[in-house]
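Colleague: Here you go, one structure.
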Amino acid sequence: MIRRTFVQEGIYDEFIKRSIELVKKRKLGDAFENDVVQGPQVDEKIFNRILKYVEAGKKEGAKLEFGGKRWGNEGYFIEPTIFSGVTDGMIIAREEIFGPVMSVFKFKTLDEVIERSNNTNYGLASGVITNDYPI
């Protein structure tokens with residue numbers, strides 16, 4: 001999952017829908033098993049920190065589309081999590097979560113997405129999804 005995902009407005013809703021379909025199929029568990037794509041968080045401290053980011057995203061008005069809670073009864077597993085409606089000023093947009101949380105931003109133009117993706121104090125990785133190239 002790309003943590004900060006900028007999606008062009010014309011395909012935004014379809015991207016959210018398909019992303020949810022994909023993460024529903026994602027296998028969590030022992031990272032040493034061949035078909036597992038997501039293991040646990042390293043420890044309880046990180047686990048709790050990620051869940052606090054999820055709560056902050058909800059509190060600030062991002063829409064929790066999928067996940068956002070503990071998976072299973074053992075270990076420090078968190079469901080793959082997708083937020084839509086994320087704006088640049090939200091904590092989940094400004095800080096690195098280091099967990100299975102994807103924040104999806106809507107954009108219109110290439111210039112806009114370049115400016116917004118670079119407007120951070122950290123070197124946060126981002127993905128850009130468009131309907132076509134060039135935009």
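Naming works like this for the structure tokens: A, B, ... for the chains as they're shown, residue 1 at the start of each chain, ligands 1 onward in shown order.
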Select from range 4-124 of chain A everything DSSP, run on the backbone, classes as strand (DSSP E or B), then give the selection as an mmCIF file with N, CA, C and O atoms, in the first residue's frame.
Modeller:
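Ended up saving to part24.cif:
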```cif
data_model
loop_
_atom_site.group_PDB
_atom_site.id
_atom_site.type_symbol
_atom_site.label_atom_id
_atom_site.label_comp_id
_atom_site.auth_asym_id
_atom_site.auth_seq_id
_atom_site.Cartn_x
_atom_site.Cartn_y
_atom_site.Cartn_z
ATOM 1 N N ARG A 4 0.620 7.649 0.969
ATOM 2 C CA ARG A 4 -0.010 8.888 0.471
ATOM 3 C C ARG A 4 -0.281 8.687 -1.011
ATOM 4 O O ARG A 4 0.643 8.651 -1.808
ATOM 5 N N THR A 5 -1.540 8.558 -1.362
ATOM 6 C CA THR A 5 -1.898 8.276 -2.744
ATOM 7 C C THR A 5 -2.750 9.412 -3.287
ATOM 8 O O THR A 5 -3.848 9.669 -2.792
ATOM 9 N N PHE A 6 -2.217 10.094 -4.285
ATOM 10 C CA PHE A 6 -2.937 11.173 -4.960
ATOM 11 C C PHE A 6 -3.624 10.592 -6.183
ATOM 12 O O PHE A 6 -2.973 9.987 -7.035
ATOM 13 N N VAL A 7 -4.943 10.772 -6.266
ATOM 14 C CA VAL A 7 -5.732 10.184 -7.348
ATOM 15 C C VAL A 7 -6.487 11.296 -8.069
ATOM 16 O O VAL A 7 -7.167 12.108 -7.432
ATOM 17 N N GLN A 8 -6.373 11.289 -9.390
ATOM 18 C CA GLN A 8 -7.042 12.309 -10.188
ATOM 19 C C GLN A 8 -8.555 12.206 -9.997
ATOM 20 O O GLN A 8 -9.122 11.111 -9.922
ATOM 21 N N LEU A 28 -3.238 -11.683 5.800
ATOM 22 C CA LEU A 28 -2.419 -11.291 6.940
ATOM 23 C C LEU A 28 -1.999 -12.542 7.691
ATOM 24 O O LEU A 28 -2.715 -13.545 7.685
ATOM 25 N N GLN A 38 1.059 -9.395 4.477
ATOM 26 C CA GLN A 38 1.156 -8.411 5.548
ATOM 27 C C GLN A 38 1.315 -9.111 6.880
ATOM 28 O O GLN A 38 0.456 -9.866 7.306
ATOM 29 N N LYS A 63 -12.643 9.946 5.813
ATOM 30 C CA LYS A 63 -13.616 8.849 5.828
ATOM 31 C C LYS A 63 -12.879 7.517 5.858
ATOM 32 O O LYS A 63 -12.113 7.198 4.949
ATOM 33 N N LEU A 64 -13.112 6.736 6.902
ATOM 34 C CA LEU A 64 -12.533 5.407 7.006
ATOM 35 C C LEU A 64 -13.311 4.481 6.083
ATOM 36 O O LEU A 64 -14.457 4.139 6.359
ATOM 37 N N GLU A 65 -12.699 4.122 4.980
ATOM 38 C CA GLU A 65 -13.360 3.285 3.971
ATOM 39 C C GLU A 65 -13.256 1.803 4.305
ATOM 40 O O GLU A 65 -14.148 1.027 3.992
ATOM 41 N N PHE A 66 -12.139 1.420 4.922
ATOM 42 C CA PHE A 66 -11.935 0.008 5.245
ATOM 43 C C PHE A 66 -10.876 -0.104 6.334
ATOM 44 O O PHE A 66 -9.932 0.675 6.392
ATOM 45 N N ARG A 70 -7.757 -3.714 14.975
ATOM 46 C CA ARG A 70 -6.952 -4.909 15.212
ATOM 47 C C ARG A 70 -7.499 -6.062 14.380
ATOM 48 O O ARG A 70 -8.701 -6.205 14.200
ATOM 49 N N ILE A 78 -2.781 -5.189 12.333
ATOM 50 C CA ILE A 78 -3.768 -4.148 12.047
ATOM 51 C C ILE A 78 -4.285 -4.385 10.638
ATOM 52 O O ILE A 78 -3.508 -4.628 9.712
ATOM 53 N N THR A 81 -5.779 -0.495 5.998
ATOM 54 C CA THR A 81 -6.692 0.610 6.272
ATOM 55 C C THR A 81 -6.668 1.616 5.129
ATOM 56 O O THR A 81 -5.598 1.998 4.665
ATOM 57 N N ILE A 82 -7.851 2.040 4.703
ATOM 58 C CA ILE A 82 -7.963 3.023 3.626
ATOM 59 C C ILE A 82 -8.820 4.194 4.107
ATOM 60 O O ILE A 82 -9.940 4.002 4.576
ATOM 61 N N PHE A 83 -8.252 5.399 3.962
ATOM 62 C CA PHE A 83 -8.978 6.631 4.224
ATOM 63 C C PHE A 83 -9.194 7.378 2.921
ATOM 64 O O PHE A 83 -8.265 7.525 2.123
ATOM 65 N N SER A 84 -10.395 7.888 2.705
ATOM 66 C CA SER A 84 -10.658 8.806 1.595
ATOM 67 C C SER A 84 -10.971 10.173 2.186
ATOM 68 O O SER A 84 -11.109 10.319 3.402
ATOM 69 N N VAL A 101 -1.676 1.823 6.454
ATOM 70 C CA VAL A 101 -2.699 2.859 6.342
ATOM 71 C C VAL A 101 -2.452 3.651 5.066
ATOM 72 O O VAL A 101 -1.368 4.201 4.881
ATOM 73 N N MET A 102 -3.453 3.703 4.193
ATOM 74 C CA MET A 102 -3.351 4.473 2.960
ATOM 75 C C MET A 102 -4.301 5.664 3.039
ATOM 76 O O MET A 102 -5.496 5.499 3.277
ATOM 77 N N SER A 103 -3.738 6.851 2.831
ATOM 78 C CA SER A 103 -4.509 8.078 2.776
ATOM 79 C C SER A 103 -4.653 8.469 1.317
ATOM 80 O O SER A 103 -3.652 8.634 0.620
ATOM 81 N N VAL A 104 -5.901 8.633 0.855
ATOM 82 C CA VAL A 104 -6.142 8.911 -0.556
ATOM 83 C C VAL A 104 -6.609 10.363 -0.707
ATOM 84 O O VAL A 104 -7.587 10.782 -0.092
ATOM 85 N N PHE A 105 -5.863 11.104 -1.530
ATOM 86 C CA PHE A 105 -6.113 12.519 -1.789
ATOM 87 C C PHE A 105 -6.643 12.680 -3.211
ATOM 88 O O PHE A 105 -6.154 12.033 -4.128
ATOM 89 N N LYS A 106 -7.567 13.599 -3.396
ATOM 90 C CA LYS A 106 -8.080 13.902 -4.729
ATOM 91 C C LYS A 106 -7.331 15.111 -5.285
ATOM 92 O O LYS A 106 -7.049 16.057 -4.555
ATOM 93 N N PHE A 107 -7.013 15.073 -6.596
ATOM 94 C CA PHE A 107 -6.383 16.226 -7.228
ATOM 95 C C PHE A 107 -6.925 16.417 -8.636
ATOM 96 O O PHE A 107 -7.524 15.511 -9.207
#
```
Colleague: Could you write out, as a list in words, all the residues of range 70-133 of chain A that DSSP marks as alpha helix (DSSP H)?
Modeller: Ile91, Ile92, Ala93, Arg94, Leu110, Asp111, Glu112, Val113, Ile114, Glu115, Arg116, Ser117 and Asn118 of chain A
Colleague: Give me the residues near Gly75 in chain A as a PyMOL selection string, where near means some atom within 12 Å (using only C-alpha atoms) and where sequence neighbours in that chain fewer than 5 positions away do not count.
Modeller: chain A and resi 28-30+39-44+46-47+70
Colleague: Quote the spacing between CA of Arg116 in chain A and CA of Asp88 in chain A in Å to one decimal place.
Modeller: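 CA of Asp88 in chain A lies at a distance of 7.4 Å from CA of Arg116 in chain A.
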Colleague: Which residue, A:Arg18, A:Lys52, A:Lys59, A:Arg26, has the smallest gap to Ile97 in chain A when you use only C-alpha atoms?
Modeller: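 Closest candidate: A:Lys52.
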